[in-house]
>>> print(open('work.cif').read())   # mmCIF, C-alpha atoms
data_model
#
loop_
_atom_site.label_atom_id
_atom_site.label_comp_id
_atom_site.auth_asym_id
_atom_site.auth_seq_id
_atom_site.Cartn_x
_atom_site.Cartn_y
_atom_site.Cartn_z
CA MET A 1 -23.68 -45.37 -26.77
CA LYS A 2 -25.11 -47.69 -24.12
CA ILE A 3 -26.83 -46.15 -21.09
CA GLU A 4 -24.49 -47.94 -18.65
CA HIS A 5 -21.55 -46.33 -20.45
CA ARG A 6 -23.15 -42.91 -20.40
CA ILE A 7 -23.65 -43.28 -16.64
CA LEU A 8 -20.06 -44.48 -16.25
CA VAL A 9 -18.79 -41.33 -17.97
CA ALA A 10 -21.11 -39.05 -15.99
CA ASP A 11 -19.93 -40.60 -12.69
CA LEU A 12 -16.30 -40.32 -13.75
CA CYS A 13 -16.66 -36.63 -14.63
CA ALA A 14 -18.41 -35.84 -11.33
CA ALA A 15 -15.81 -37.70 -9.28
CA ARG A 16 -12.73 -36.32 -11.00
CA ALA A 17 -13.71 -32.76 -11.78
CA GLY A 18 -17.07 -32.09 -10.17
CA LEU A 19 -18.38 -31.83 -13.68
CA LYS A 20 -22.11 -32.18 -14.28
CA VAL A 21 -22.79 -34.49 -17.23
CA ASP A 22 -26.34 -35.53 -18.03
CA PRO A 23 -26.28 -39.21 -19.08
CA ASP A 24 -29.46 -38.64 -21.07
CA LYS A 25 -27.69 -36.23 -23.41
CA THR A 26 -26.52 -39.01 -25.69
CA TYR A 27 -25.74 -36.73 -28.60
CA LEU A 28 -23.50 -34.46 -26.53
CA LEU A 29 -21.62 -37.41 -25.02
CA GLU A 30 -21.15 -39.08 -28.37
CA SER A 31 -20.05 -35.94 -30.19
CA ARG A 32 -17.47 -35.15 -27.49
CA LEU A 33 -16.18 -38.69 -27.07
CA ALA A 34 -16.00 -39.72 -30.73
CA ALA A 35 -12.74 -37.82 -31.15
CA VAL A 36 -11.27 -39.37 -27.99
CA ALA A 37 -12.18 -42.89 -29.15
CA ARG A 38 -10.62 -42.23 -32.56
CA ARG A 39 -7.47 -40.72 -31.08
CA GLU A 40 -7.02 -43.59 -28.66
CA GLY A 41 -7.57 -46.23 -31.33
CA PHE A 42 -10.95 -47.64 -30.29
CA ALA A 43 -13.47 -48.82 -32.87
CA SER A 44 -16.37 -47.18 -30.98
CA ILE A 45 -17.20 -45.11 -27.93
CA ASP A 46 -18.69 -48.19 -26.27
CA GLU A 47 -15.39 -49.98 -26.76
CA LEU A 48 -13.62 -47.03 -25.16
CA ALA A 49 -16.03 -47.16 -22.21
CA GLU A 50 -15.55 -50.93 -21.78
CA ASN A 51 -11.82 -50.40 -21.69
CA LEU A 52 -12.20 -47.59 -19.19
CA LYS A 53 -14.29 -49.79 -16.92
CA ALA A 54 -11.99 -52.79 -17.17
CA ARG A 55 -8.59 -51.09 -16.89
CA ARG A 56 -9.25 -47.83 -15.01
CA GLU A 57 -6.35 -46.24 -16.79
CA GLU A 58 -5.66 -42.72 -15.46
CA ARG A 59 -4.60 -41.18 -18.74
CA LEU A 60 -7.68 -42.42 -20.58
CA ALA A 61 -10.00 -41.38 -17.75
CA TRP A 62 -8.64 -37.85 -17.89
CA ALA A 63 -8.90 -37.73 -21.68
CA VAL A 64 -12.62 -38.47 -21.26
CA VAL A 65 -13.09 -35.88 -18.49
CA GLU A 66 -11.22 -33.23 -20.50
CA ALA A 67 -13.38 -33.85 -23.55
CA MET A 68 -16.55 -33.41 -21.49
CA ALA A 69 -15.22 -30.31 -19.68
CA ALA A 70 -14.74 -28.24 -22.82
CA GLY A 71 -17.18 -25.34 -22.97
CA GLU A 72 -18.20 -22.73 -25.48
CA THR A 73 -16.60 -19.36 -24.99
CA SER A 74 -15.79 -16.13 -26.74
CA PHE A 75 -13.64 -13.03 -26.39
CA PHE A 76 -15.04 -10.44 -23.95
CA ARG A 77 -17.90 -12.81 -23.18
CA ASP A 78 -20.99 -10.84 -22.06
CA ARG A 79 -18.96 -7.62 -22.49
CA GLU A 80 -20.11 -5.94 -19.25
CA PRO A 81 -17.73 -7.76 -16.83
CA PHE A 82 -14.78 -6.70 -18.95
CA ARG A 83 -15.97 -3.10 -19.04
CA LEU A 84 -16.35 -3.21 -15.27
CA PHE A 85 -12.85 -4.67 -14.97
CA ARG A 86 -11.31 -2.04 -17.24
CA ASP A 87 -13.16 1.03 -15.95
CA ASP A 88 -13.61 0.33 -12.22
CA VAL A 89 -11.68 -2.64 -10.88
CA LEU A 90 -8.33 -2.14 -12.59
CA PRO A 91 -8.03 1.61 -11.82
CA ALA A 92 -9.01 0.96 -8.18
CA LEU A 93 -6.33 -1.71 -7.85
CA VAL A 94 -3.71 0.46 -9.54
CA ARG A 95 -4.34 3.12 -6.89
CA ARG A 96 -4.41 0.69 -3.98
CA ARG A 97 -1.39 -1.42 -4.90
CA GLU A 98 0.91 1.57 -5.47
CA GLY A 99 3.32 -0.27 -7.71
CA ARG A 100 3.07 -3.70 -6.11
CA PRO A 101 2.09 -6.32 -8.71
CA ILE A 102 -1.60 -6.77 -9.49
CA ARG A 103 -2.36 -10.46 -9.95
CA LEU A 104 -5.18 -11.67 -12.20
CA TRP A 105 -6.35 -15.25 -12.58
CA SER A 106 -8.59 -16.71 -15.24
CA ALA A 107 -9.80 -19.93 -13.58
CA GLY A 108 -11.16 -22.38 -16.11
CA CYS A 109 -9.64 -20.48 -18.99
CA GLY A 110 -10.63 -22.96 -21.71
CA ALA A 111 -9.13 -22.00 -25.05
CA GLY A 112 -7.80 -18.73 -23.61
CA GLN A 113 -10.25 -16.13 -24.87
CA GLU A 114 -11.02 -14.84 -21.37
CA VAL A 115 -7.44 -14.32 -20.20
CA TYR A 116 -6.40 -12.81 -23.53
CA SER A 117 -9.36 -10.41 -23.33
CA LEU A 118 -8.08 -9.32 -19.92
CA ALA A 119 -4.53 -9.01 -21.26
CA ILE A 120 -5.73 -6.86 -24.17
CA ALA A 121 -7.76 -4.70 -21.78
CA VAL A 122 -4.69 -4.22 -19.55
CA GLU A 123 -2.47 -3.46 -22.54
CA GLU A 124 -4.94 -0.91 -23.94
CA GLN A 125 -5.12 0.84 -20.54
CA ARG A 126 -1.34 1.26 -20.38
CA ALA A 127 -1.66 5.01 -20.77
CA SER A 128 -3.62 5.30 -17.53
CA THR A 129 -2.13 2.40 -15.58
CA ALA A 130 1.36 3.66 -16.35
CA ALA A 131 3.95 1.61 -14.53
CA ALA A 132 1.53 -0.72 -12.76
CA LYS A 133 2.81 -4.26 -12.91
CA VAL A 134 0.04 -6.65 -13.88
CA GLU A 135 0.59 -10.41 -13.76
CA LEU A 136 -1.82 -12.68 -15.57
CA PHE A 137 -2.35 -16.34 -14.75
CA ALA A 138 -4.64 -18.82 -16.46
CA SER A 139 -5.61 -22.33 -15.51
CA ASP A 140 -7.79 -25.08 -16.83
CA ILE A 141 -8.42 -28.71 -15.97
CA SER A 142 -7.78 -29.71 -19.56
CA GLU A 143 -4.24 -30.05 -20.88
CA ARG A 144 -5.60 -29.90 -24.42
CA ALA A 145 -7.41 -26.64 -23.73
CA LEU A 146 -4.23 -25.21 -22.19
CA GLU A 147 -2.21 -26.25 -25.23
CA LYS A 148 -4.63 -24.51 -27.56
CA ALA A 149 -4.77 -21.46 -25.33
CA GLN A 150 -1.00 -21.20 -25.16
CA SER A 151 -0.69 -21.42 -28.92
CA GLY A 152 -2.73 -18.21 -29.19
CA LEU A 153 -4.12 -19.42 -32.52
CA TYR A 154 -7.78 -18.90 -33.32
CA THR A 155 -10.01 -19.61 -36.29
CA GLN A 156 -11.64 -16.83 -38.24
CA PHE A 157 -14.92 -17.87 -36.63
CA GLU A 158 -13.48 -17.59 -33.10
CA VAL A 159 -11.95 -14.12 -33.59
CA GLN A 160 -15.27 -12.81 -34.83
CA ARG A 161 -17.09 -13.61 -31.63
CA GLY A 162 -16.77 -10.75 -29.17
CA LEU A 163 -13.59 -9.21 -30.50
CA PRO A 164 -13.90 -5.70 -31.99
CA ILE A 165 -12.20 -5.45 -35.37
CA ARG A 166 -9.72 -2.81 -34.16
CA MET A 167 -8.52 -5.14 -31.43
CA LEU A 168 -8.16 -7.90 -34.01
CA VAL A 169 -5.91 -5.85 -36.29
CA ASN A 170 -4.02 -4.32 -33.37
CA HIS A 171 -3.27 -7.52 -31.46
CA PHE A 172 -3.45 -10.39 -33.95
CA GLU A 173 -1.70 -11.39 -37.10
CA ARG A 174 -3.15 -13.54 -39.84
CA VAL A 175 -1.25 -16.81 -40.26
CA ASP A 176 -2.58 -18.92 -43.13
CA GLU A 177 -6.25 -19.50 -42.29
CA MET A 178 -5.81 -18.68 -38.60
CA TRP A 179 -5.25 -15.57 -36.49
CA ALA A 180 -2.32 -15.57 -34.06
CA ILE A 181 -2.35 -13.33 -31.00
CA SER A 182 0.71 -11.08 -30.76
CA PRO A 183 3.70 -12.47 -28.83
CA LYS A 184 3.49 -9.40 -26.58
CA ILE A 185 -0.02 -10.33 -25.37
CA ARG A 186 0.71 -14.06 -25.32
CA GLN A 187 3.79 -13.61 -23.16
CA MET A 188 1.83 -11.66 -20.56
CA VAL A 189 0.13 -14.88 -19.41
CA ARG A 190 1.42 -17.76 -17.31
CA TRP A 191 -0.37 -21.12 -17.51
CA ARG A 192 -1.02 -24.00 -15.17
CA ARG A 193 -3.26 -27.05 -14.99
CA ILE A 194 -5.54 -26.73 -11.97
CA ASN A 195 -8.49 -28.84 -10.89
CA LEU A 196 -10.73 -26.38 -9.05
CA ILE A 197 -12.25 -29.06 -6.81
CA ALA A 198 -8.84 -30.11 -5.53
CA GLU A 199 -6.86 -28.32 -2.86
CA PHE A 200 -4.62 -26.05 -4.81
CA ALA A 201 -1.23 -25.49 -3.39
CA GLY A 202 0.48 -22.15 -3.06
CA SER A 203 -0.25 -19.33 -0.72
CA ALA A 204 -0.28 -16.75 -3.51
CA GLN A 205 -3.39 -14.63 -3.57
CA PHE A 206 -5.06 -12.95 -6.48
CA ASP A 207 -6.47 -9.45 -6.75
CA VAL A 208 -8.93 -10.45 -9.46
CA ILE A 209 -10.30 -13.88 -10.31
CA PHE A 210 -12.45 -14.51 -13.36
CA CYS A 211 -14.24 -17.83 -12.97
CA ARG A 212 -17.12 -17.44 -15.36
CA HIS A 213 -19.45 -20.16 -16.61
CA VAL A 214 -17.54 -22.79 -14.67
CA LEU A 215 -19.74 -23.23 -11.59
CA SER A 216 -22.84 -23.75 -13.68
CA MET A 217 -21.13 -26.73 -15.34
CA MET A 218 -20.56 -28.41 -11.97
CA VAL A 219 -22.55 -30.75 -9.76
CA GLU A 220 -24.05 -28.77 -6.88
CA PRO A 221 -22.12 -30.38 -3.97
CA MET A 222 -18.84 -29.38 -5.64
CA ARG A 223 -19.80 -25.74 -6.06
CA VAL A 224 -19.28 -25.10 -2.35
CA ARG A 225 -15.78 -26.50 -2.51
CA VAL A 226 -14.87 -24.50 -5.63
CA LEU A 227 -16.27 -21.26 -4.22
CA GLU A 228 -14.41 -21.69 -0.93
CA ASN A 229 -11.21 -22.51 -2.79
CA LEU A 230 -11.66 -19.35 -4.84
CA ALA A 231 -12.41 -17.26 -1.75
CA ARG A 232 -9.17 -18.50 -0.13
CA ALA A 233 -7.21 -17.66 -3.28
CA LEU A 234 -8.67 -14.15 -3.36
CA ALA A 235 -6.84 -11.27 -1.71
CA PRO A 236 -8.82 -9.84 1.26
CA ASP A 237 -9.76 -6.83 -0.91
CA GLY A 238 -9.85 -8.74 -4.21
CA PHE A 239 -12.62 -9.15 -6.75
CA LEU A 240 -14.26 -12.32 -8.06
CA PHE A 241 -16.17 -12.31 -11.34
CA LEU A 242 -18.67 -15.13 -11.85
CA GLY A 243 -20.72 -15.88 -14.95
CA GLU A 244 -24.24 -14.63 -15.61
CA GLY A 245 -26.65 -16.34 -13.26
CA GLU A 246 -23.87 -17.80 -11.10
CA SER A 247 -23.77 -16.91 -7.41
CA PRO A 248 -22.38 -18.16 -4.10
CA ALA A 249 -25.78 -17.58 -2.52
CA GLY A 250 -26.98 -20.79 -0.91
CA PHE A 251 -23.55 -22.41 -1.21
CA THR A 252 -21.18 -20.41 1.00
CA GLU A 253 -20.99 -17.32 3.17
CA ALA A 254 -17.37 -16.76 2.21
CA LEU A 255 -18.30 -14.40 -0.60
CA GLU A 256 -20.80 -11.63 -0.99
CA PRO A 257 -22.13 -9.72 -3.99
CA VAL A 258 -21.14 -6.14 -4.76
CA SER A 259 -24.40 -4.25 -4.93
CA GLY A 260 -25.29 -2.81 -8.29
CA ARG A 261 -22.50 -4.81 -9.96
CA SER A 262 -23.99 -7.94 -11.42
CA GLY A 263 -21.61 -10.91 -11.39
CA LEU A 264 -19.05 -9.24 -9.10
CA PHE A 265 -18.25 -10.64 -5.65
CA VAL A 266 -15.86 -9.88 -2.79
CA ARG A 267 -14.80 -11.76 0.32
CA ASN A 268 -17.07 -11.57 3.30
CA PRO A 269 -14.88 -10.09 6.07
CA ALA A 270 -17.03 -11.69 8.74
CA TYR A 271 -16.50 -15.19 7.37
CA ARG A 272 -13.94 -17.50 8.94
CA ALA A 273 -13.28 -20.72 7.10
CA ALA A 274 -13.29 -23.85 9.23
CA ALA A 275 -9.74 -24.86 9.93
CA MET B 1 -38.33 -7.87 -30.61
CA VAL B 2 -38.59 -4.09 -30.36
CA GLY B 3 -41.63 -2.38 -28.91
CA ARG B 4 -44.08 -1.21 -31.55
CA GLU B 5 -43.86 2.39 -30.31
CA ARG B 6 -40.26 2.59 -31.51
CA PRO B 7 -39.66 2.51 -35.27
CA LEU B 8 -37.36 -0.26 -36.46
CA LYS B 9 -33.82 0.67 -37.35
CA THR B 10 -33.11 0.35 -41.03
CA CYS B 11 -30.22 -1.60 -42.49
CA LEU B 12 -29.18 -1.45 -46.13
CA VAL B 13 -27.71 -4.77 -47.28
CA VAL B 14 -25.30 -4.22 -50.18
CA ASP B 15 -24.08 -7.36 -51.93
CA ASP B 16 -24.08 -8.53 -55.54
CA SER B 17 -25.09 -12.02 -54.46
CA ARG B 18 -28.82 -12.46 -54.10
CA VAL B 19 -28.24 -15.47 -51.87
CA ILE B 20 -26.07 -13.49 -49.45
CA ARG B 21 -28.61 -10.65 -49.39
CA LYS B 22 -31.35 -13.14 -48.57
CA VAL B 23 -29.35 -14.79 -45.76
CA ALA B 24 -28.34 -11.41 -44.29
CA ARG B 25 -31.89 -10.13 -44.55
CA ARG B 26 -33.26 -13.07 -42.59
CA ILE B 27 -30.64 -12.70 -39.82
CA LEU B 28 -31.07 -8.92 -39.56
CA GLU B 29 -34.86 -9.09 -39.59
CA ASP B 30 -34.71 -11.58 -36.72
CA ILE B 31 -32.52 -9.13 -34.79
CA GLY B 32 -35.13 -6.42 -35.44
CA PHE B 33 -34.04 -4.41 -38.45
CA ASP B 34 -36.04 -3.12 -41.36
CA ILE B 35 -34.12 -4.16 -44.48
CA ALA B 36 -33.43 -2.56 -47.84
CA GLU B 37 -31.22 -4.17 -50.48
CA ALA B 38 -28.81 -2.95 -53.13
CA SER B 39 -26.69 -5.06 -55.49
CA ASP B 40 -23.79 -2.63 -55.99
CA GLY B 41 -22.28 0.56 -54.56
CA MET B 42 -23.97 2.86 -57.06
CA GLU B 43 -27.41 1.49 -56.26
CA ALA B 44 -26.60 1.73 -52.55
CA LEU B 45 -25.55 5.36 -52.89
CA ALA B 46 -28.81 6.21 -54.65
CA TRP B 47 -30.68 4.52 -51.82
CA CYS B 48 -28.75 6.50 -49.20
CA ARG B 49 -29.41 9.79 -50.96
CA ALA B 50 -33.13 9.05 -50.87
CA ALA B 51 -33.26 7.75 -47.29
CA MET B 52 -30.19 7.46 -45.10
CA PRO B 53 -30.25 4.08 -43.29
CA ASP B 54 -29.10 3.52 -39.68
CA ALA B 55 -26.72 0.77 -40.76
CA VAL B 56 -25.10 -0.59 -43.91
CA LEU B 57 -23.90 -4.16 -44.29
CA LEU B 58 -21.40 -3.84 -47.11
CA ASP B 59 -19.73 -6.31 -49.48
CA TRP B 60 -16.34 -5.32 -50.92
CA ASN B 61 -16.14 -6.81 -54.41
CA MET B 62 -19.09 -5.77 -56.56
CA PRO B 63 -19.56 -4.62 -60.17
CA VAL B 64 -20.23 -0.96 -61.11
CA MET B 65 -19.05 0.46 -57.77
CA ASN B 66 -17.31 -1.63 -55.10
CA GLY B 67 -17.78 -1.36 -51.37
CA ILE B 68 -14.78 0.78 -50.49
CA GLU B 69 -15.58 3.34 -53.21
CA PHE B 70 -19.18 3.44 -52.01
CA LEU B 71 -18.02 4.04 -48.43
CA ARG B 72 -15.73 6.92 -49.43
CA HIS B 73 -18.58 8.54 -51.37
CA LEU B 74 -21.06 7.92 -48.57
CA ARG B 75 -18.92 9.60 -45.93
CA GLN B 76 -18.89 12.78 -48.02
CA GLU B 77 -22.66 12.91 -48.51
CA PRO B 78 -24.77 15.17 -46.28
CA GLY B 79 -25.70 12.96 -43.31
CA GLY B 80 -23.40 10.26 -44.69
CA ASP B 81 -21.36 10.24 -41.50
CA LYS B 82 -24.32 8.84 -39.57
CA PRO B 83 -24.86 5.27 -40.79
CA THR B 84 -22.91 2.56 -39.01
CA VAL B 85 -21.07 0.72 -41.76
CA VAL B 86 -20.12 -2.92 -41.30
CA PHE B 87 -18.11 -4.53 -44.06
CA CYS B 88 -19.01 -8.13 -44.85
CA THR B 89 -16.53 -9.61 -47.29
CA VAL B 90 -14.26 -12.51 -48.19
CA GLU B 91 -11.29 -10.12 -47.98
CA ALA B 92 -9.70 -11.29 -44.74
CA ASP B 93 -6.25 -9.73 -44.54
CA ALA B 94 -5.09 -6.93 -42.27
CA ALA B 95 -4.39 -4.60 -45.23
CA HIS B 96 -8.01 -4.69 -46.38
CA ILE B 97 -9.27 -4.25 -42.82
CA HIS B 98 -7.03 -1.21 -42.26
CA GLU B 99 -8.15 0.26 -45.58
CA ALA B 100 -11.80 -0.19 -44.59
CA LEU B 101 -11.30 1.39 -41.15
CA ASP B 102 -9.37 4.30 -42.67
CA ALA B 103 -12.25 4.89 -45.10
CA GLY B 104 -14.67 5.13 -42.17
CA ALA B 105 -15.97 1.60 -41.63
CA ASP B 106 -17.16 0.88 -38.08
CA GLU B 107 -16.85 -2.89 -38.04
CA TYR B 108 -15.72 -5.67 -40.33
CA ILE B 109 -17.02 -9.19 -40.88
CA MET B 110 -15.01 -11.80 -42.73
CA LYS B 111 -17.13 -14.24 -44.69
CA PRO B 112 -18.39 -16.83 -44.08
CA PHE B 113 -20.59 -15.39 -41.36
CA ASP B 114 -23.49 -16.62 -39.30
CA GLY B 115 -26.15 -15.09 -37.07
CA ASP B 116 -23.88 -15.11 -34.00
CA ILE B 117 -21.15 -13.16 -35.78
CA ILE B 118 -23.57 -10.55 -37.13
CA ALA B 119 -25.16 -10.13 -33.69
CA SER B 120 -21.74 -9.90 -32.03
CA LYS B 121 -20.52 -7.26 -34.49
CA LEU B 122 -23.70 -5.17 -34.23
CA ALA B 123 -23.37 -5.29 -30.44
CA GLU B 124 -19.79 -4.06 -30.83
CA VAL B 125 -20.99 -0.90 -32.56
CA GLY B 126 -23.92 -0.42 -30.19
CA LEU B 127 -26.70 -1.17 -32.69
CA VAL B 128 -28.27 -3.99 -30.68
#
>>> encode(input="work.cif", output="structure tokens")
Amino acid sequence: MKIEHRILVADLCAARAGLKVDPDKTYLLESRLAAVARREGFASIDELAENLKARREERLAWAVVEAMAAGETSFFRDREPFRLFRDDVLPALVRRREGRPIRLWSAGCGAGQEVYSLAIAVEEQRASTAAAKVELFASDISERALEKAQSGLYTQFEVQRGLPIRMLVNHFERVDEMWAISPKIRQMVRWRRINLIAEFAGSAQFDVIFCRHVLSMMVEPMRVRVLENLARALAPDGFLFLGEGESPAGFTEALEPVSGRSGLFVRNPAYRAAA
Amino acid sequence: MVGRERPLKTCLVVDDSRVIRKVARRILEDIGFDIAEASDGMEALAWCRAAMPDAVLLDWNMPVMNGIEFLRHLRQEPGGDKPTVVFCTVEADAAHIHEALDAGADEYIMKPFDGDIIASKLAEVGLV
């Protein structure tokens, strides 16, 4: 893949999605884009890039961005945030909301493992959360990721990363060579395509947002915008979970860390967003 | 990986395939286990009676004594409730998994596996 084409793709990803793509990582670019080139009927990735440059076709541009946006993930990734959610955050919200719906959002949900982990955690806490109404939402920039997530189908390899075996047999069913999540869990989640760097419409606020390992994939100038978007979407007493090593520090004052709770952030009550 | 002052945890790898035992040994040694090997359930049981391991990575289908029979025997031995038992088998249907859990297995790996899966499963049961 020619360097000018690698730069073209990197610029496209940054402009459309705030995505950080290193043009020197030829192997990564080629391995992600080979499938797009094949699907779209190009003889090579360079031919795809030439076409992209010449015709600026929206659909093709997004296919390229989506392919580069895909990230590795697993069920209950890093474990601790999900324990914190189950043992501290969820019970606190159940008490505070007194029967009003508790709204959770997995922002940048990828293939769905994060939101389904939350759904399983909620379902397994039913005994203690009783009648609490929990609404789960998941979004991603990639239509293809959303399609896979909505299918609830995972390979044997995927279900063995992070998912305890009891949860597998309790919430999944084997279908041919794949594992399908139970309709009950799948139907708990509502899906939507959202670009986190864009203004997202809707005044609805969320009590919990998981946006893990998304910021670290973005170009720095866009992190401010994403964090402020997330802060606005967060209820005044809501909780934001970021990935390991991700922090609003140095980007925005809108959010502040919860002491002693790594990766957990809340809105800064003193912060007023510029109108 | 582990400080020298703490003795390594021991893991007994039970599989009739020498290749699988070798692959599992390399992964588990990298994680920080001391490894023993057995090629069937009977041999594994003898090993456990002599020195109970902290963990057992257990194949299902083996000659002489298979994995599930071994597990049922193990759980009745003095101290046999202690080892964390992780099945590692090509049997990948819910019926086998339920049978393993009912017999006292702690976790279950469906082959083929890799280092990430072993590490993830051992983390699940609190061994790493």
>>> residues_around(input="work.cif", residues="A:Pro183", least_positions_apart="2", cutoff="12 Å", atoms="all atoms listed in the file", output="VMD selection string")
chain A and resid 116 119 to 120 150 to 153 171 to 173 180 to 181 185 to 189
>>> resolve_selection(input="work.cif", expression="the PyMOL selection byres ((chain A) within 6 of (chain B))", output="compact mmCIF listing (two decimals) with C-alpha atoms, keeping the file's coordinate frame")
# COMPACT_ATOMS: atom_id res chain seq x y z
CA GLN A 160 -15.27 -12.81 -34.83
CA ARG A 161 -17.09 -13.61 -31.63
CA GLY A 162 -16.77 -10.75 -29.17
CA ILE A 165 -12.20 -5.45 -35.37
>>> closest_residue(input="work.cif", among="A:Ser44, A:Ser262, A:Gln156, A:Ser106", to="A:Phe206", atoms="all atoms listed in the file")
A:Ser106
>>> resolve_selection(input="work.cif", expression="the PyMOL selection byres ((chain B and resi 52) around 10)", output="PyMOL selection string")
chain B and resi 10-12+45-51+53-56+74+77-83
>>> closest_residue(input="work.cif", among="B:Glu29, B:Glu43, B:Asp59, B:Asp16", to="B:Cys88", atoms="only C-alpha atoms")
B:Asp59
>>> residues_around(input="work.cif", residues="stretch 209-220 of chain A", least_positions_apart="2", cutoff="6 Å", atoms="all atoms listed in the file", output="ChimeraX atom specification")
/A:18-20,104-107,222-223,240-243
>>> write_last_selection(input="work.cif", atoms="C-alpha atoms", output="compact mmCIF listing (two decimals), in the frame of the given file")
# COMPACT_ATOMS: atom_id res chain seq x y z
CA GLY A 18 -17.07 -32.09 -10.17
CA LEU A 19 -18.38 -31.83 -13.68
CA LYS A 20 -22.11 -32.18 -14.28
CA LEU A 104 -5.18 -11.67 -12.20
CA TRP A 105 -6.35 -15.25 -12.58
CA SER A 106 -8.59 -16.71 -15.24
CA ALA A 107 -9.80 -19.93 -13.58
CA MET A 222 -18.84 -29.38 -5.64
CA ARG A 223 -19.80 -25.74 -6.06
CA LEU A 240 -14.26 -12.32 -8.06
CA PHE A 241 -16.17 -12.31 -11.34
CA LEU A 242 -18.67 -15.13 -11.85
CA GLY A 243 -20.72 -15.88 -14.95
>>> closest_residue(input="work.cif", among="B:Ala38, B:Leu8, B:Met65, B:Val13", to="B:Phe87", atoms="only C-alpha atoms")
B:Val13
>>> closest_residue(input="work.cif", among="B:Asn66, B:Ser39, B:Asn61, B:Gln76", to="B:Thr89", atoms="all atoms listed in the file")
B:Asn61
